[in-house]
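Peer 1: Okay, handing you the structure first.
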Amino acid sequence: MKVLQKKICVLGDFAVGKTSLVGRFVKNEFSEKYLTTVGVKMDTKLVPVNDTMKIKLIIWDIAGENAFKKISQTYLRGSAGFVLVIDGTRLSTVDAAVDIKQNILKLLGDIPFVVLINKVDLKEQWEIDDAQIARLNAEEKQVFFTSAKSGQQVEDAFIILSEYLAL
Ligand code: G3D
Ligand code: MG
């Protein structure tokens with residue numbers, strides 16, 4: 001069995017659910033009382049991608065109230081891919097995600113990523129409408145509707161990203 005080690009970063013505006021999503025994926029639980037991450041948190045998880053290969057994800061959860069501008073290049077260095085998180089209940093987090101994506105493209109080039117529209121359990125409070133979702137679907141490689149609270153599509157998103165990383 002071959003194990004490939006890959007660093008990924010979880011990125012997105014403040015309070016979109018980055019830390020909660022990583023917690024859910026790594027431990028498969030949701031806490032209503034996640035503390036805001038200070039600095040960088042690292043988690044690892046082994047993801048089987050096929051009969052002969054596993055990806056060991058090194059997941060960097062980068063804190064920061066100001067979306068991307070304060071994220072040091074040092075944190076991003078060596079990232080093989082990233083998870084881009086939008087909060088469905090806050091429209092402004094879409095623009096933040098687009099900014100981050102463009103910055104990553106400049107800094108790291110065209111690396112694999114997945115887009116997560118999080119808080120799908122609060123769908124009745126979503127500010128993102130069907131037209132915007134359709135646009136994101138057309139522009140992005142893969143869009144997932146996730147909930148760190150219920151766990152919906154969280155694993156799927158990380159597994160698909162791992163499959164991209166295995167290519
Ligand atoms: P961040 O790491 O992107 O800054 P956090 O975001 O993971 O700290 O989450 C920010 C807030 O959103 C937290 O609430 C957290 O519980 C909540 N949250 C994260 N994901 C979900 C989700 O899928 N559904 C719901 N309903 N809430 C979510 P608090 O109240 O602790 O600030
Ligand atoms: Mg956090």
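Note on naming: chains are A, B, ... as they come in the structure tokens, residues start from 1 per chain, ligands start from 1 in the order shown.
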Quick one: pick out all alpha helix (DSSP H) residues within chain A from a backbone DSSP run and write them as a ChimeraX atom specification.

Peer 2: /A:18-27,73-76,92-108,130-139,154-166

Peer 1: Find the residues around Lys56 (chain A) up to 12 Å (only C-alpha atoms counted), leave out those fewer than 4 positions away in its own chain, and share them as a PyMOL selection string.

Peer 2: chain A and resi 2-8+26+43-49+80+158-159+161-163+165-166

Peer 1: As a PyMOL selection string, which residues of region 37-161 of chain A does DSSP assign to strand (DSSP E)?

Peer 2: chain A and resi 40-48+53-62+79-87+113-118+143-145

Peer 1: Neighbouring residues of region 148-154 of chain A were defined as those with any atom within 10 Å, considering only C-alpha atoms; residues of the same chain fewer than 6 positions away were excluded. Please report them as a list of chain:residue names.

Peer 2: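 Non-adjacent residues within range: A:Gly17, A:Lys18, A:Thr19, A:Ser20, A:Leu21, A:Val22, A:Gly23, A:Arg24, A:Phe25, A:Asn28, A:Glu29, A:Phe30, A:Ser31, A:Glu32, A:Leu116, A:Asn118, A:Lys119, A:Val120, A:Asp121, A:Leu122.
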
Peer 1: For Val114 (chain A), which of A:Asp130, A:Asp95, A:Asp13, A:Glu140 is the closest residue, counting only C-alpha atoms?

Peer 2: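 Selected residue with least distance to Val114 (chain A): A:Glu140.
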
Peer 1: Between atom 22 (C, counted along the ligand's line) of ligand 1 and CA of Gln73 (chain A), what is the spacing in Å?

Peer 2: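 Going from CA of Gln73 (chain A) over to atom 22 (C, counted along the ligand's line) of ligand 1, I get 28.0 Å.
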
Peer 1: Pick the closest to Glu127 (chain A) from A:Lys54, A:Lys27, A:Arg90, A:Arg77: which is it, counting only C-alpha atoms?

Peer 2: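 Distance minimum relative to Glu127 (chain A) lands on A:Arg90.
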
Peer 1: For each of A:Cys9, A:Val85, A:Ile111, A:Leu57, take the minimum atom-to-atom distance to ligand 1, counting only C-alpha atoms and all ligand atoms, then give the residue where this is smallest.

Peer 2: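 Closest to ligand 1, using only C-alpha atoms and all ligand atoms: A:Val85.
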
Peer 1: At what distance in Å, to one decimal, does CA of Val83 (chain A) lie from CA of Asp156 (chain A)?

Peer 2: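 Those two atoms sit 12.1 Å apart.
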
Peer 1: Work out how far apart CA of Gly12 (chain A) and CA of Ile100 (chain A) are and give it in Å to one decimal.

Peer 2: 7.3 Å

Peer 1: Would you please work out which residue, of A:Ala157, A:Val143, A:Leu136, A:Val10, is nearest to ligand 1 when using only C-alpha atoms and all ligand atoms?

Peer 2: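 Comparing A:Ala157, A:Val143, A:Leu136, A:Val10 against ligand 1, the winner is A:Val10.
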
Peer 1: Quick one: of A:Ala96, A:Leu76, A:Met53, A:Ile117, who's nearest to ligand 1, counting only C-alpha atoms and all ligand atoms?

Peer 2: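 Nearest to ligand 1: A:Ile117.
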